[in-house]
>>> print(open('upload.tsv').read())   # TSV, C-alpha atoms
chain	number	residue	atom	x	y	z
A	1135	MET	CA	1.88	16.21	-8.14
A	1136	ALA	CA	2.33	15.70	-4.41
A	1137	ILE	CA	5.34	13.94	-2.90
A	1138	SER	CA	6.70	13.62	0.63
A	1139	ASN	CA	10.28	14.53	1.41
A	1140	ILE	CA	12.43	11.39	1.45
A	1141	ARG	CA	15.70	10.68	3.24
A	1142	TYR	CA	17.49	7.47	2.32
A	1143	GLY	CA	20.53	5.66	3.63
A	1144	GLU	CA	21.77	3.07	6.09
A	1145	GLY	CA	21.49	4.42	9.61
A	1146	VAL	CA	19.58	7.67	8.83
A	1147	THR	CA	17.07	6.77	11.57
A	1148	LYS	CA	19.50	8.17	14.13
A	1149	GLU	CA	18.69	11.68	12.83
A	1150	ILE	CA	15.01	11.58	13.78
A	1151	GLY	CA	15.59	13.15	17.23
A	1152	MET	CA	17.26	16.12	15.53
A	1153	ASP	CA	14.36	16.41	13.07
A	1154	LEU	CA	11.89	16.65	15.94
A	1155	GLN	CA	14.13	19.14	17.72
A	1156	ASN	CA	14.26	21.23	14.53
A	1157	LEU	CA	10.46	21.16	14.41
A	1158	GLY	CA	10.34	22.41	18.01
A	1159	SER	CA	8.26	19.37	19.01
A	1160	ARG	CA	7.33	19.21	22.70
A	1161	ARG	CA	4.98	16.22	22.81
A	1162	VAL	CA	5.55	13.46	20.28
A	1163	CYS	CA	3.34	10.43	19.59
A	1164	LEU	CA	5.37	7.37	18.56
A	1165	MET	CA	3.23	4.71	16.88
A	1166	THR	CA	4.21	1.10	16.16
A	1167	ASP	CA	2.89	-2.44	16.65
A	1168	ARG	CA	3.57	-5.03	19.36
A	1169	ASN	CA	6.00	-7.13	17.31
A	1170	LEU	CA	8.06	-4.18	16.15
A	1171	SER	CA	8.27	-2.57	19.58
A	1172	GLN	CA	10.87	-5.24	20.45
A	1173	LEU	CA	12.84	-5.01	17.18
A	1174	PRO	CA	15.85	-2.93	16.05
A	1175	PRO	CA	13.93	-0.28	14.03
A	1176	VAL	CA	11.94	0.93	17.06
A	1177	LYS	CA	15.03	0.69	19.28
A	1178	ALA	CA	16.93	2.92	16.81
A	1179	VAL	CA	14.15	5.52	16.99
A	1180	LEU	CA	13.96	5.34	20.80
A	1181	ASN	CA	17.73	5.81	21.06
A	1182	SER	CA	17.56	8.93	18.89
A	1183	LEU	CA	14.62	10.38	20.85
A	1184	ALA	CA	16.48	9.79	24.12
A	1185	LYS	CA	19.72	11.28	22.81
A	1186	TYR	CA	18.02	14.53	21.83
A	1187	GLY	CA	15.75	14.73	24.88
A	1188	ILE	CA	12.46	14.39	22.97
A	1189	ASN	CA	9.39	14.01	25.18
A	1190	PHE	CA	7.19	11.28	23.70
A	1191	GLN	CA	4.47	8.73	24.41
A	1192	MET	CA	4.43	5.35	22.67
A	1193	TYR	CA	1.34	3.68	21.25
A	1194	ASP	CA	2.19	0.08	20.28
A	1195	ASN	CA	-1.33	-1.26	19.86
A	1196	VAL	CA	-1.54	-0.85	16.07
A	1197	ARG	CA	-3.33	-3.81	14.44
A	1198	VAL	CA	-1.69	-5.42	11.43
A	1199	GLU	CA	-4.30	-4.83	8.68
A	1200	PRO	CA	-6.16	-2.18	10.74
A	1201	THR	CA	-9.94	-1.93	11.20
A	1202	ASP	CA	-12.22	1.02	11.90
A	1203	HIS	CA	-12.15	-0.12	15.57
A	1204	SER	CA	-8.34	-0.17	15.75
A	1205	PHE	CA	-8.21	3.26	14.03
A	1206	LEU	CA	-10.66	4.64	16.60
A	1207	ASP	CA	-8.55	3.29	19.46
A	1208	ALA	CA	-5.45	5.05	18.10
A	1209	ILE	CA	-7.47	8.23	17.47
A	1210	ALA	CA	-8.64	8.25	21.10
A	1211	PHE	CA	-5.00	7.93	22.25
A	1212	ALA	CA	-3.96	10.81	19.97
A	1213	LYS	CA	-6.79	13.09	21.11
A	1214	LYS	CA	-5.95	12.49	24.77
A	1215	GLY	CA	-2.22	13.10	24.23
A	1216	GLU	CA	-2.54	16.53	22.57
A	1217	PHE	CA	0.60	15.81	20.53
A	1218	ASP	CA	2.40	18.35	18.35
A	1219	ALA	CA	4.16	15.77	16.15
A	1220	TYR	CA	3.82	12.10	15.15
A	1221	VAL	CA	6.33	9.38	14.33
A	1222	ALA	CA	5.18	6.12	12.68
A	1223	VAL	CA	7.62	3.20	12.77
A	1224	GLY	CA	6.36	0.15	10.88
A	1225	GLY	CA	4.72	-1.10	7.73
A	1226	GLY	CA	1.66	0.33	5.99
A	1227	SER	CA	-0.64	-0.61	8.88
A	1228	VAL	CA	1.31	1.55	11.33
A	1229	MET	CA	1.78	4.48	8.95
A	1230	ASP	CA	-1.90	4.47	7.94
A	1231	THR	CA	-3.09	4.27	11.56
A	1232	CYS	CA	-0.84	7.18	12.47
A	1233	LYS	CA	-2.17	9.28	9.57
A	1234	ALA	CA	-5.75	8.69	10.75
A	1235	ALA	CA	-4.85	9.48	14.38
A	1236	ASN	CA	-3.21	12.76	13.33
A	1237	LEU	CA	-6.19	13.70	11.12
A	1238	TYR	CA	-8.96	13.15	13.68
A	1239	ALA	CA	-6.96	14.57	16.60
A	1240	SER	CA	-6.44	17.70	14.46
A	1241	SER	CA	-10.17	17.85	13.67
A	1242	PRO	CA	-11.67	16.62	16.96
A	1243	THR	CA	-15.28	17.55	16.17
A	1244	SER	CA	-15.37	15.62	12.88
A	1245	ASP	CA	-17.35	12.42	12.66
A	1246	PHE	CA	-15.26	9.35	11.67
A	1247	LEU	CA	-17.13	8.90	8.36
A	1248	ASP	CA	-16.61	12.55	7.33
A	1249	PHE	CA	-13.24	11.87	5.69
A	1250	VAL	CA	-13.74	8.21	4.72
A	1251	ASN	CA	-13.94	7.68	0.94
A	1252	ALA	CA	-17.36	7.87	-0.66
A	1253	PRO	CA	-19.66	5.99	-1.13
A	1254	ILE	CA	-18.92	4.32	2.25
A	1255	GLY	CA	-18.11	7.63	3.96
A	1256	LYS	CA	-18.73	11.26	3.03
A	1257	GLY	CA	-15.33	11.84	1.38
A	1258	GLN	CA	-15.12	15.44	2.62
A	1259	PRO	CA	-11.98	17.47	1.84
A	1260	VAL	CA	-9.58	18.01	4.75
A	1261	THR	CA	-9.41	21.73	5.53
A	1262	VAL	CA	-7.80	21.69	9.01
A	1263	PRO	CA	-4.00	21.96	9.45
A	1264	LEU	CA	-2.42	18.68	10.63
A	1265	LYS	CA	0.62	18.14	12.86
A	1266	PRO	CA	3.89	17.02	11.25
A	1267	LEU	CA	4.17	13.25	10.77
A	1268	ILE	CA	7.50	11.51	10.13
A	1269	ALA	CA	7.22	7.97	8.74
A	1270	VAL	CA	9.90	5.31	9.20
A	1271	PRO	CA	8.91	2.34	6.98
A	1272	THR	CA	10.14	-1.09	8.11
A	1273	THR	CA	8.73	-3.06	5.16
A	1274	ALA	CA	9.41	-2.64	1.45
A	1275	GLY	CA	5.88	-2.54	0.16
A	1276	THR	CA	3.18	0.00	0.81
A	1277	GLY	CA	5.03	3.20	-0.03
A	1278	SER	CA	2.75	4.73	2.61
A	1279	GLU	CA	5.55	7.11	3.63
A	1280	THR	CA	4.95	8.98	0.35
A	1281	THR	CA	1.15	8.91	0.06
A	1282	GLY	CA	-1.91	10.63	1.46
A	1283	VAL	CA	-3.84	7.37	1.79
A	1284	ALA	CA	-4.84	5.37	4.90
A	1285	ILE	CA	-6.56	2.00	4.39
A	1286	PHE	CA	-8.61	0.02	6.93
A	1287	ASP	CA	-11.15	-2.81	7.24
A	1288	PHE	CA	-14.67	-1.50	7.83
A	1289	LYS	CA	-15.87	-4.31	10.06
A	1290	GLU	CA	-19.61	-3.79	9.78
A	1291	LEU	CA	-19.55	-4.04	5.96
A	1292	LYS	CA	-16.67	-6.58	5.87
A	1293	VAL	CA	-14.89	-4.45	3.33
A	1294	LYS	CA	-11.70	-2.43	3.15
A	1295	THR	CA	-11.92	1.27	2.44
A	1296	GLY	CA	-9.83	4.26	3.39
A	1297	ILE	CA	-9.16	7.96	3.66
A	1298	ALA	CA	-7.43	9.68	0.76
A	1299	SER	CA	-6.19	13.26	1.03
A	1300	ARG	CA	-2.90	14.96	0.33
A	1301	ALA	CA	-3.28	16.64	3.74
A	1302	ILE	CA	-2.49	13.40	5.61
A	1303	LYS	CA	0.79	12.75	3.78
A	1304	PRO	CA	3.87	12.45	6.03
A	1305	ILE	CA	6.19	15.48	5.88
A	1306	LEU	CA	9.19	13.15	5.77
A	1307	GLY	CA	9.82	9.48	4.98
A	1308	ILE	CA	13.00	8.13	6.57
A	1309	ILE	CA	13.98	5.14	4.45
A	1310	ASP	CA	16.67	3.22	6.32
A	1311	PRO	CA	17.45	-0.06	4.52
A	1312	LEU	CA	18.83	-1.54	7.75
A	1313	HIS	CA	15.21	-1.88	8.87
A	1314	THR	CA	14.39	-4.35	6.12
A	1315	LEU	CA	16.93	-6.86	7.42
A	1316	SER	CA	14.55	-7.94	10.21
A	1317	MET	CA	11.77	-8.85	7.71
A	1318	PRO	CA	10.90	-12.58	7.44
A	1319	GLU	CA	10.85	-14.20	4.00
A	1320	ARG	CA	7.07	-14.15	3.35
A	1321	VAL	CA	6.78	-10.56	4.56
A	1322	VAL	CA	9.46	-9.60	2.01
A	1323	ALA	CA	7.51	-11.48	-0.69
A	1324	ASN	CA	4.06	-10.10	0.10
A	1325	THR	CA	5.19	-6.50	0.56
A	1326	GLY	CA	7.17	-6.84	-2.69
A	1327	PHE	CA	4.01	-7.94	-4.51
A	1328	ASP	CA	2.37	-4.73	-3.33
A	1329	VAL	CA	5.19	-2.74	-4.98
A	1330	LEU	CA	4.76	-4.82	-8.15
A	1331	CYS	CA	1.03	-4.10	-8.35
A	1332	HIS	CA	1.39	-0.43	-7.41
A	1333	ALA	CA	3.75	-0.03	-10.36
A	1334	LEU	CA	1.70	-2.09	-12.83
A	1335	GLU	CA	-1.66	-0.58	-11.89
A	1336	SER	CA	-0.53	3.05	-11.86
A	1337	TYR	CA	1.22	2.60	-15.23
A	1338	THR	CA	-1.89	1.05	-16.81
A	1339	ALA	CA	-4.49	3.24	-15.05
A	1340	LEU	CA	-6.96	5.39	-16.99
A	1341	PRO	CA	-4.94	8.36	-18.35
A	1342	TYR	CA	-5.41	11.58	-16.37
A	1343	LYS	CA	-6.83	13.41	-19.42
A	1344	MET	CA	-9.71	10.95	-19.64
A	1345	ARG	CA	-11.03	11.53	-16.14
A	1346	SER	CA	-14.03	13.80	-15.89
A	1347	PRO	CA	-15.60	16.04	-14.85
A	1348	CYS	CA	-12.94	18.49	-13.76
A	1349	PRO	CA	-13.40	19.30	-10.04
A	1350	SER	CA	-15.12	22.63	-9.40
A	1351	ASN	CA	-12.33	23.57	-6.97
A	1352	PRO	CA	-8.74	22.20	-6.75
A	1353	ILE	CA	-9.35	21.14	-3.12
A	1354	ASN	CA	-11.73	18.50	-4.48
A	1355	ARG	CA	-9.20	17.04	-6.92
A	1356	PRO	CA	-8.56	13.46	-5.77
A	1357	ALA	CA	-5.11	12.21	-4.81
A	1358	TYR	CA	-5.56	9.49	-7.46
A	1359	GLN	CA	-5.68	11.22	-10.84
A	1360	GLY	CA	-4.97	8.50	-13.40
A	1361	SER	CA	-1.72	7.63	-15.19
A	1362	ASN	CA	0.31	10.73	-15.98
A	1363	PRO	CA	3.75	11.55	-17.38
A	1364	ILE	CA	5.45	11.97	-13.96
A	1365	SER	CA	3.92	8.93	-12.26
A	1366	ASP	CA	4.83	6.83	-15.31
A	1367	VAL	CA	8.53	7.51	-14.75
A	1368	TRP	CA	8.35	6.33	-11.12
A	1369	ALA	CA	6.16	3.32	-11.88
A	1370	LEU	CA	8.46	1.99	-14.60
A	1371	HIS	CA	11.56	2.57	-12.49
A	1372	ALA	CA	9.98	0.69	-9.56
A	1373	LEU	CA	8.98	-2.17	-11.87
A	1374	ARG	CA	12.57	-2.54	-13.13
A	1375	ILE	CA	13.87	-2.73	-9.56
A	1376	VAL	CA	11.25	-5.37	-8.66
A	1377	ALA	CA	12.27	-7.43	-11.71
A	1378	LYS	CA	15.93	-7.24	-10.74
A	1379	TYR	CA	15.87	-7.50	-6.95
A	1380	LEU	CA	12.64	-8.98	-5.50
A	1381	LYS	CA	13.58	-12.66	-5.88
A	1382	ARG	CA	17.02	-11.96	-4.41
A	1383	ALA	CA	15.56	-10.02	-1.46
A	1384	ILE	CA	13.19	-12.91	-0.65
A	1385	ARG	CA	15.75	-15.70	-0.98
A	1386	ASN	CA	18.64	-14.15	0.91
A	1387	PRO	CA	17.89	-12.09	4.06
A	1388	GLU	CA	21.53	-10.95	4.15
A	1389	ASP	CA	21.42	-9.46	0.63
A	1390	ARG	CA	21.61	-5.80	1.63
A	1391	GLU	CA	21.78	-4.56	-1.95
A	1392	ALA	CA	18.53	-6.33	-2.89
A	1393	ARG	CA	16.67	-5.39	0.30
A	1394	GLY	CA	17.87	-1.77	0.15
A	1395	ASN	CA	16.77	-1.45	-3.46
A	1396	MET	CA	13.33	-2.93	-2.73
A	1397	HIS	CA	12.98	-0.40	0.11
A	1398	LEU	CA	13.58	2.37	-2.42
A	1399	ALA	CA	11.32	0.74	-5.02
A	1400	SER	CA	8.51	0.85	-2.47
A	1401	ALA	CA	8.89	4.63	-2.18
A	1402	PHE	CA	9.29	5.07	-5.95
A	1403	ALA	CA	6.08	3.11	-6.63
A	1404	GLY	CA	4.41	5.12	-3.83
A	1405	ILE	CA	5.26	8.37	-5.59
A	1406	GLY	CA	3.82	6.89	-8.79
A	1407	PHE	CA	0.59	5.41	-7.49
A	1408	GLY	CA	0.14	8.08	-4.80
A	1409	ASN	CA	-0.64	10.46	-7.66
A	1410	ALA	CA	-1.84	8.18	-10.47
A	1411	GLY	CA	-3.77	5.70	-8.34
A	1412	VAL	CA	-4.29	1.96	-8.58
A	1413	HIS	CA	-7.21	0.09	-10.11
A	1414	LEU	CA	-8.72	-3.41	-10.20
A	1415	CYS	CA	-6.13	-5.54	-8.35
A	1416	HIS	CA	-6.47	-3.19	-5.40
A	1417	GLY	CA	-10.23	-2.73	-5.71
A	1418	MET	CA	-10.75	-6.51	-5.72
A	1419	SER	CA	-8.19	-7.07	-2.96
A	1420	TYR	CA	-10.21	-5.22	-0.34
A	1421	PRO	CA	-12.99	-7.83	-0.03
A	1422	ILE	CA	-10.40	-10.63	-0.35
A	1423	SER	CA	-8.78	-9.28	2.82
A	1424	GLY	CA	-12.02	-8.21	4.48
A	1425	LEU	CA	-13.88	-11.54	4.09
A	1426	VAL	CA	-10.96	-13.74	5.22
A	1427	LYS	CA	-12.14	-16.88	7.03
A	1428	THR	CA	-9.38	-18.94	8.62
A	1429	TYR	CA	-6.31	-18.23	6.47
A	1430	LYS	CA	-3.20	-17.26	8.42
A	1431	ALA	CA	-0.19	-16.22	6.44
A	1432	LYS	CA	3.19	-17.77	7.16
A	1433	ASP	CA	5.72	-15.49	8.94
A	1434	TYR	CA	3.04	-13.11	10.29
A	1435	ASN	CA	2.93	-13.10	14.09
A	1436	VAL	CA	-0.73	-12.11	14.60
A	1437	ASP	CA	-3.62	-13.55	16.59
A	1438	HIS	CA	-6.28	-13.17	13.86
A	1439	SER	CA	-6.96	-14.60	10.40
A	1440	LEU	CA	-5.10	-12.52	7.86
A	1441	VAL	CA	-4.55	-12.29	4.11
A	1442	PRO	CA	-1.59	-9.90	3.85
A	1443	HIS	CA	-2.38	-6.93	1.64
A	1444	GLY	CA	0.26	-7.66	-1.03
A	1445	LEU	CA	-0.94	-11.25	-1.37
A	1446	SER	CA	-4.60	-10.20	-1.67
A	1447	VAL	CA	-3.59	-7.80	-4.45
A	1448	VAL	CA	-1.30	-10.02	-6.51
A	1449	LEU	CA	-3.55	-13.12	-6.67
A	1450	THR	CA	-5.91	-11.41	-9.14
A	1451	SER	CA	-3.15	-9.75	-11.19
A	1452	PRO	CA	-2.93	-12.30	-14.04
A	1453	ALA	CA	-6.69	-12.13	-14.63
A	1454	VAL	CA	-6.87	-8.35	-14.22
A	1455	PHE	CA	-4.12	-7.48	-16.70
A	1456	ALA	CA	-5.45	-9.97	-19.26
A	1457	PHE	CA	-8.75	-8.06	-18.93
A	1458	THR	CA	-7.34	-4.50	-19.10
A	1459	ALA	CA	-4.73	-5.10	-21.84
A	1460	PRO	CA	-6.98	-4.51	-24.90
A	1461	ILE	CA	-7.27	-0.82	-23.93
A	1462	ASN	CA	-3.53	-0.10	-23.90
A	1463	PRO	CA	-1.72	-3.23	-25.10
A	1464	GLU	CA	1.60	-1.44	-25.65
A	1465	ARG	CA	1.94	-0.61	-21.95
A	1466	HIS	CA	1.03	-4.15	-20.92
A	1467	LEU	CA	3.64	-5.59	-23.32
A	1468	GLU	CA	6.26	-3.15	-22.05
A	1469	ALA	CA	5.55	-4.28	-18.47
A	1470	ALA	CA	5.81	-7.95	-19.49
A	1471	GLN	CA	9.17	-7.26	-21.13
A	1472	ILE	CA	10.52	-5.54	-17.99
A	1473	LEU	CA	9.44	-8.59	-15.97
A	1474	GLY	CA	11.41	-10.89	-18.26
A	1475	ALA	CA	9.15	-11.81	-21.18
A	1476	ASP	CA	10.67	-12.12	-24.64
A	1477	ILE	CA	8.38	-9.94	-26.75
A	1478	ARG	CA	10.40	-9.87	-30.00
A	1479	THR	CA	7.83	-11.92	-31.90
A	1480	ALA	CA	4.82	-10.97	-29.76
A	1481	ARG	CA	1.59	-9.85	-31.37
A	1482	ILE	CA	0.05	-6.74	-29.88
A	1483	LYS	CA	-3.31	-8.49	-29.43
A	1484	ASP	CA	-1.66	-11.06	-27.15
A	1485	ALA	CA	-0.31	-8.43	-24.73
A	1486	GLY	CA	-2.69	-9.38	-21.92
A	1487	LEU	CA	-2.01	-13.11	-22.13
A	1488	ILE	CA	1.74	-12.51	-22.26
A	1489	LEU	CA	1.70	-10.28	-19.17
A	1490	ALA	CA	-0.64	-12.72	-17.34
A	1491	ASP	CA	1.68	-15.67	-18.11
A	1492	THR	CA	4.75	-13.66	-17.07
A	1493	LEU	CA	3.09	-12.83	-13.73
A	1494	ARG	CA	2.03	-16.46	-13.19
A	1495	LYS	CA	5.59	-17.67	-13.75
A	1496	PHE	CA	6.94	-14.97	-11.42
A	1497	LEU	CA	4.50	-16.02	-8.66
A	1498	PHE	CA	5.06	-19.74	-9.20
A	1499	ASP	CA	8.83	-19.27	-8.83
A	1500	LEU	CA	8.20	-17.58	-5.48
A	1501	ASP	CA	5.92	-20.30	-4.01
A	1502	VAL	CA	2.81	-18.12	-3.95
A	1503	ASP	CA	-0.47	-19.80	-2.94
A	1504	ASP	CA	-2.29	-21.22	-5.96
A	1505	GLY	CA	-5.03	-18.62	-6.29
A	1506	LEU	CA	-7.98	-17.63	-4.13
A	1507	ALA	CA	-8.99	-21.28	-3.58
A	1508	ALA	CA	-5.70	-21.85	-1.74
A	1509	ILE	CA	-6.49	-19.10	0.78
A	1510	GLY	CA	-9.96	-20.42	1.58
A	1511	TYR	CA	-12.34	-19.06	-1.10
A	1512	SER	CA	-14.64	-20.99	-3.41
A	1513	LYS	CA	-17.02	-20.13	-6.25
A	1514	ALA	CA	-19.78	-19.77	-3.66
A	1515	ASP	CA	-17.96	-16.69	-2.29
A	1516	ILE	CA	-17.84	-14.84	-5.60
A	1517	PRO	CA	-21.11	-12.85	-5.13
A	1518	ALA	CA	-19.86	-11.55	-1.75
A	1519	LEU	CA	-16.45	-10.70	-3.24
A	1520	VAL	CA	-18.12	-8.79	-6.08
A	1521	LYS	CA	-20.40	-6.98	-3.62
A	1522	GLY	CA	-17.31	-5.90	-1.66
A	1523	THR	CA	-15.60	-4.60	-4.79
A	1524	VAL	CA	-18.48	-2.49	-6.09
A	1525	PRO	CA	-18.11	0.32	-3.47
A	1526	GLN	CA	-14.38	0.71	-4.26
A	1527	GLU	CA	-15.12	3.34	-6.90
A	1528	ARG	CA	-12.15	5.47	-5.91
A	1529	VAL	CA	-9.93	2.83	-7.53
A	1530	THR	CA	-12.17	0.74	-9.80
A	1531	LYS	CA	-13.07	3.84	-11.84
A	1532	LEU	CA	-9.36	4.22	-12.63
A	1533	SER	CA	-9.36	0.93	-14.51
A	1534	PRO	CA	-8.68	1.68	-18.19
A	1535	ARG	CA	-11.51	-0.72	-19.03
A	1536	PRO	CA	-14.91	-0.24	-17.35
A	1537	GLN	CA	-16.27	-3.37	-15.71
A	1538	THR	CA	-19.71	-4.78	-14.95
A	1539	GLU	CA	-20.54	-7.02	-12.00
A	1540	GLU	CA	-20.44	-9.93	-14.45
A	1541	ASP	CA	-16.89	-8.93	-15.45
A	1542	LEU	CA	-15.84	-8.83	-11.78
A	1543	SER	CA	-17.39	-12.29	-11.23
A	1544	ALA	CA	-15.41	-13.66	-14.16
A	1545	LEU	CA	-12.18	-12.08	-12.84
A	1546	PHE	CA	-12.66	-13.61	-9.38
A	1547	GLU	CA	-13.48	-16.99	-10.97
A	1548	ALA	CA	-10.34	-16.81	-13.14
A	1549	SER	CA	-8.29	-16.04	-10.00
A	1550	MET	CA	-9.46	-19.11	-8.01
A	1551	LYS	CA	-6.56	-21.10	-9.46
A	1552	LEU	CA	-3.39	-19.59	-10.95
A	1553	TYR	CA	-1.24	-22.49	-12.14
>>> encode(input="upload.tsv", output="structure tokens")
Amino acid sequence: MAISNIRYGEGVTKEIGMDLQNLGSRRVCLMTDRNLSQLPPVKAVLNSLAKYGINFQMYDNVRVEPTDHSFLDAIAFAKKGEFDAYVAVGGGSVMDTCKAANLYASSPTSDFLDFVNAPIGKGQPVTVPLKPLIAVPTTAGTGSETTGVAIFDFKELKVKTGIASRAIKPILGIIDPLHTLSMPERVVANTGFDVLCHALESYTALPYKMRSPCPSNPINRPAYQGSNPISDVWALHALRIVAKYLKRAIRNPEDREARGNMHLASAFAGIGFGNAGVHLCHGMSYPISGLVKTYKAKDYNVDHSLVPHGLSVVLTSPAVFAFTAPINPERHLEAAQILGADIRTARIKDAGLILADTLRKFLFDLDVDDGLAAIGYSKADIPALVKGTVPQERVTKLSPRPQTEEDLSALFEASMKLY
């Protein structure tokens, strides 16, 4: 079980200069994106660095939903800077880019594909020591401050993949709920859907005892190990917070209690899925994001077509959990109950349909696009979407129910329209 250190509370960002001083850092790389560089979270970090005399260089060219090209640009900056510590201020895109920059600057002779997940890359274990990375999340979604995972779009193959290793985990996540107050409504919604799916997928993933074969050496044990007794605790706790607070956090930007709790739920779900893993919603989401045509999400200030990660994940969730429920119906029913379903007279064989209907109602109440068709996909795109899902073995193999390409086609088709 691997978990980052977490510090939580309003205003804790002001301590980051002291943390870097305590680490003895002499040259710090501060990573963020263009939008955030003008917003209060980055200003709070800059104020703390100035107050404690920390020498730093800022890289604000992180791409929202990063690509291999944007990773390589950040890596080049990191190699040139010869930094002894990293600070990532932003959502998952910023934190993941910073993890990759730290990794390849610490292993300068490695080829980019060496650490990228197989079968797209070589999936080699990380054996070099990395520099300390402190993550300051500004969204309540990815939980990236707690995980050893960095996700990107591999442009050439039009598919998302990533790097997964405990070695790239931040040493500290500074969770300051004040930072969530600058999030627009749809960003709150989409990042919240990521928390929802992290919790649901890690709780319903293939149990850790059923994964085989056992790695020949512990260094080869993957970060994602299947559902397990510790991850289950975090996943269920995160799910309860989502059920209680997500709608409030979306509807009222001034609701500090709701936004602060969603910020914590993101970290809780991160601890859960960072060790258990996710499965089909995430595996299928990568081509949904990677093959985007013209869709531009509301409230995202970017100059490229974009399906936000949380949206790409949640649109398949009703179909996915209807499909996986027969393997562990009790867990699916329990999840439906937490999300508001009345299961007193429910039959165990209906668990999947009940959870799917509960999710549909949840999404409908929050004005979510009506399925994949509403974000620009049609039945003609299904073969390409399936082809993009097949290489995502790191996550698809954690599905409790194995799936054929025909199964994936049916799941994409069922996700074209939700309501």
>>> residues_around(input="upload.tsv", residues="Arg1535 (chain A)", least_positions_apart="4", cutoff="10 Å", atoms="all atoms listed in the file", output="number ranges by chain")
A: 1339-1340, 1413-1414, 1457-1462, 1530-1531
>>> closest_atom_pairs(input="upload.tsv", of="region 1282-1352 of chain A", to="region 1399-1408 of chain A", cutoff="6 Å", atoms="all atoms listed in the file", output="tab-separated table")
residue	atom	partner	partner_atom	distance
A:Val1329	CA	A:Ser1400	CA	5.5
A:His1332	CA	A:Phe1407	CA	5.9
A:Ala1333	CA	A:Ala1403	CA	5.4
A:Ser1336	CA	A:Phe1407	CA	5.1
>>> write_last_selection(input="upload.tsv", atoms="C-alpha atoms", output="PDB file, in the frame of the given file")
ATOM      1  CA  VAL A1329       5.190  -2.740  -4.980  1.00  0.00           C
ATOM      2  CA  HIS A1332       1.390  -0.430  -7.410  1.00  0.00           C
ATOM      3  CA  ALA A1333       3.750  -0.030 -10.360  1.00  0.00           C
ATOM      4  CA  SER A1336      -0.530   3.050 -11.860  1.00  0.00           C
TER       5      SER A1336
END
>>> residues_around(input="upload.tsv", residues="Tyr1142 (chain A)", least_positions_apart="3", cutoff="7 Å", atoms="all atoms listed in the file", output="number ranges by chain")
A: 1146, 1308-1310
>>> closest_residue(input="upload.tsv", among="A:Ile1375, A:Ile1364, A:Val1250, A:Met1550", to="Ala1392 (chain A)", atoms="only C-alpha atoms")
A:Ile1375
>>> closest_residue(input="upload.tsv", among="A:Thr1166, A:Gln1258, A:Ser1159, A:Ser1244", to="Phe1217 (chain A)", atoms="all atoms listed in the file")
A:Ser1159
>>> closest_residue(input="upload.tsv", among="A:Glu1464, A:Glu1149, A:Asp1245, A:Glu1144", to="Lys1185 (chain A)", atoms="all atoms listed in the file")
A:Glu1149
>>> residues_near_point(input="upload.tsv", point="(7.5, 11.4, 23.4)", cutoff="8 Å", atoms="all atoms listed in the file", output="list in words")
Arg1160, Arg1161, Val1162, Cys1163, Leu1164, Leu1183, Ile1188, Asn1189, Phe1190, Gln1191 and Met1192 of chain A
>>> closest_residue(input="upload.tsv", among="A:Leu1206, A:Val1223, A:Leu1467, A:Val1293", to="Thr1479 (chain A)", atoms="all atoms listed in the file")
A:Leu1467
>>> closest_atom_pairs(input="upload.tsv", of="region 1451-1517 of chain A", to="region 1424-1441 of chain A", cutoff="10 Å", atoms="only C-alpha atoms", output="JSON lines")
{"residue": "A:Ala1508", "atom": "CA", "partner": "A:Tyr1429", "partner_atom": "CA", "distance": 9.0}
{"residue": "A:Ile1509", "atom": "CA", "partner": "A:Tyr1429", "partner_atom": "CA", "distance": 5.8}
{"residue": "A:Gly1510", "atom": "CA", "partner": "A:Tyr1429", "partner_atom": "CA", "distance": 6.5}
{"residue": "A:Tyr1511", "atom": "CA", "partner": "A:Val1426", "partner_atom": "CA", "distance": 8.4}
{"residue": "A:Asp1515", "atom": "CA", "partner": "A:Leu1425", "partner_atom": "CA", "distance": 9.2}
>>> closest_residue(input="upload.tsv", among="A:Ala1453, A:Ile1488, A:Met1135, A:Leu1267", to="Ala1548 (chain A)", atoms="only C-alpha atoms")
A:Ala1453
>>> closest_residue(input="upload.tsv", among="A:Ser1419, A:Ser1451, A:Asn1324, A:Ser1446", to="Gly1486 (chain A)", atoms="all atoms listed in the file")
A:Ser1451
>>> atom_distance(input="upload.tsv", atom1="CA of Arg1320 (chain A)", atom2="CA of Val1283 (chain A)")
24.2 Å
>>> atom_distance(input="upload.tsv", atom1="CA of Asp1501 (chain A)", atom2="CA of Leu1542 (chain A)")
25.8 Å
>>> atom_distance(input="upload.tsv", atom1="CA of Gly1360 (chain A)", atom2="CA of Leu1306 (chain A)")
24.3 Å
>>> residues_around(input="upload.tsv", residues="Arg1390 (chain A)", least_positions_apart="4", cutoff="9 Å", atoms="all atoms listed in the file", output="list in words")
Pro1311, Leu1312, Thr1314, Leu1315, Ala1383, Asn1386, Gly1394 and Asn1395 of chain A
>>> residues_around(input="upload.tsv", residues="Gly1296 (chain A)", least_positions_apart="6", cutoff="9 Å", atoms="all atoms listed in the file", output="list in words")
Phe1249, Val1250, Asn1251, Gly1255, Val1283, Ala1284, Ile1285, Phe1286, Asp1287 and Phe1288 of chain A
>>> residues_around(input="upload.tsv", residues="Met1317 (chain A)", least_positions_apart="6", cutoff="8 Å", atoms="only C-alpha atoms", output="mmCIF file with C-alpha atoms, in the frame of the given file")
data_model
loop_
_atom_site.group_PDB
_atom_site.id
_atom_site.type_symbol
_atom_site.label_atom_id
_atom_site.label_comp_id
_atom_site.auth_asym_id
_atom_site.auth_seq_id
_atom_site.Cartn_x
_atom_site.Cartn_y
_atom_site.Cartn_z
ATOM 1 C CA THR A 1272 10.140 -1.090 8.110
ATOM 2 C CA THR A 1273 8.730 -3.060 5.160
ATOM 3 C CA PRO A 1387 17.890 -12.090 4.060
#
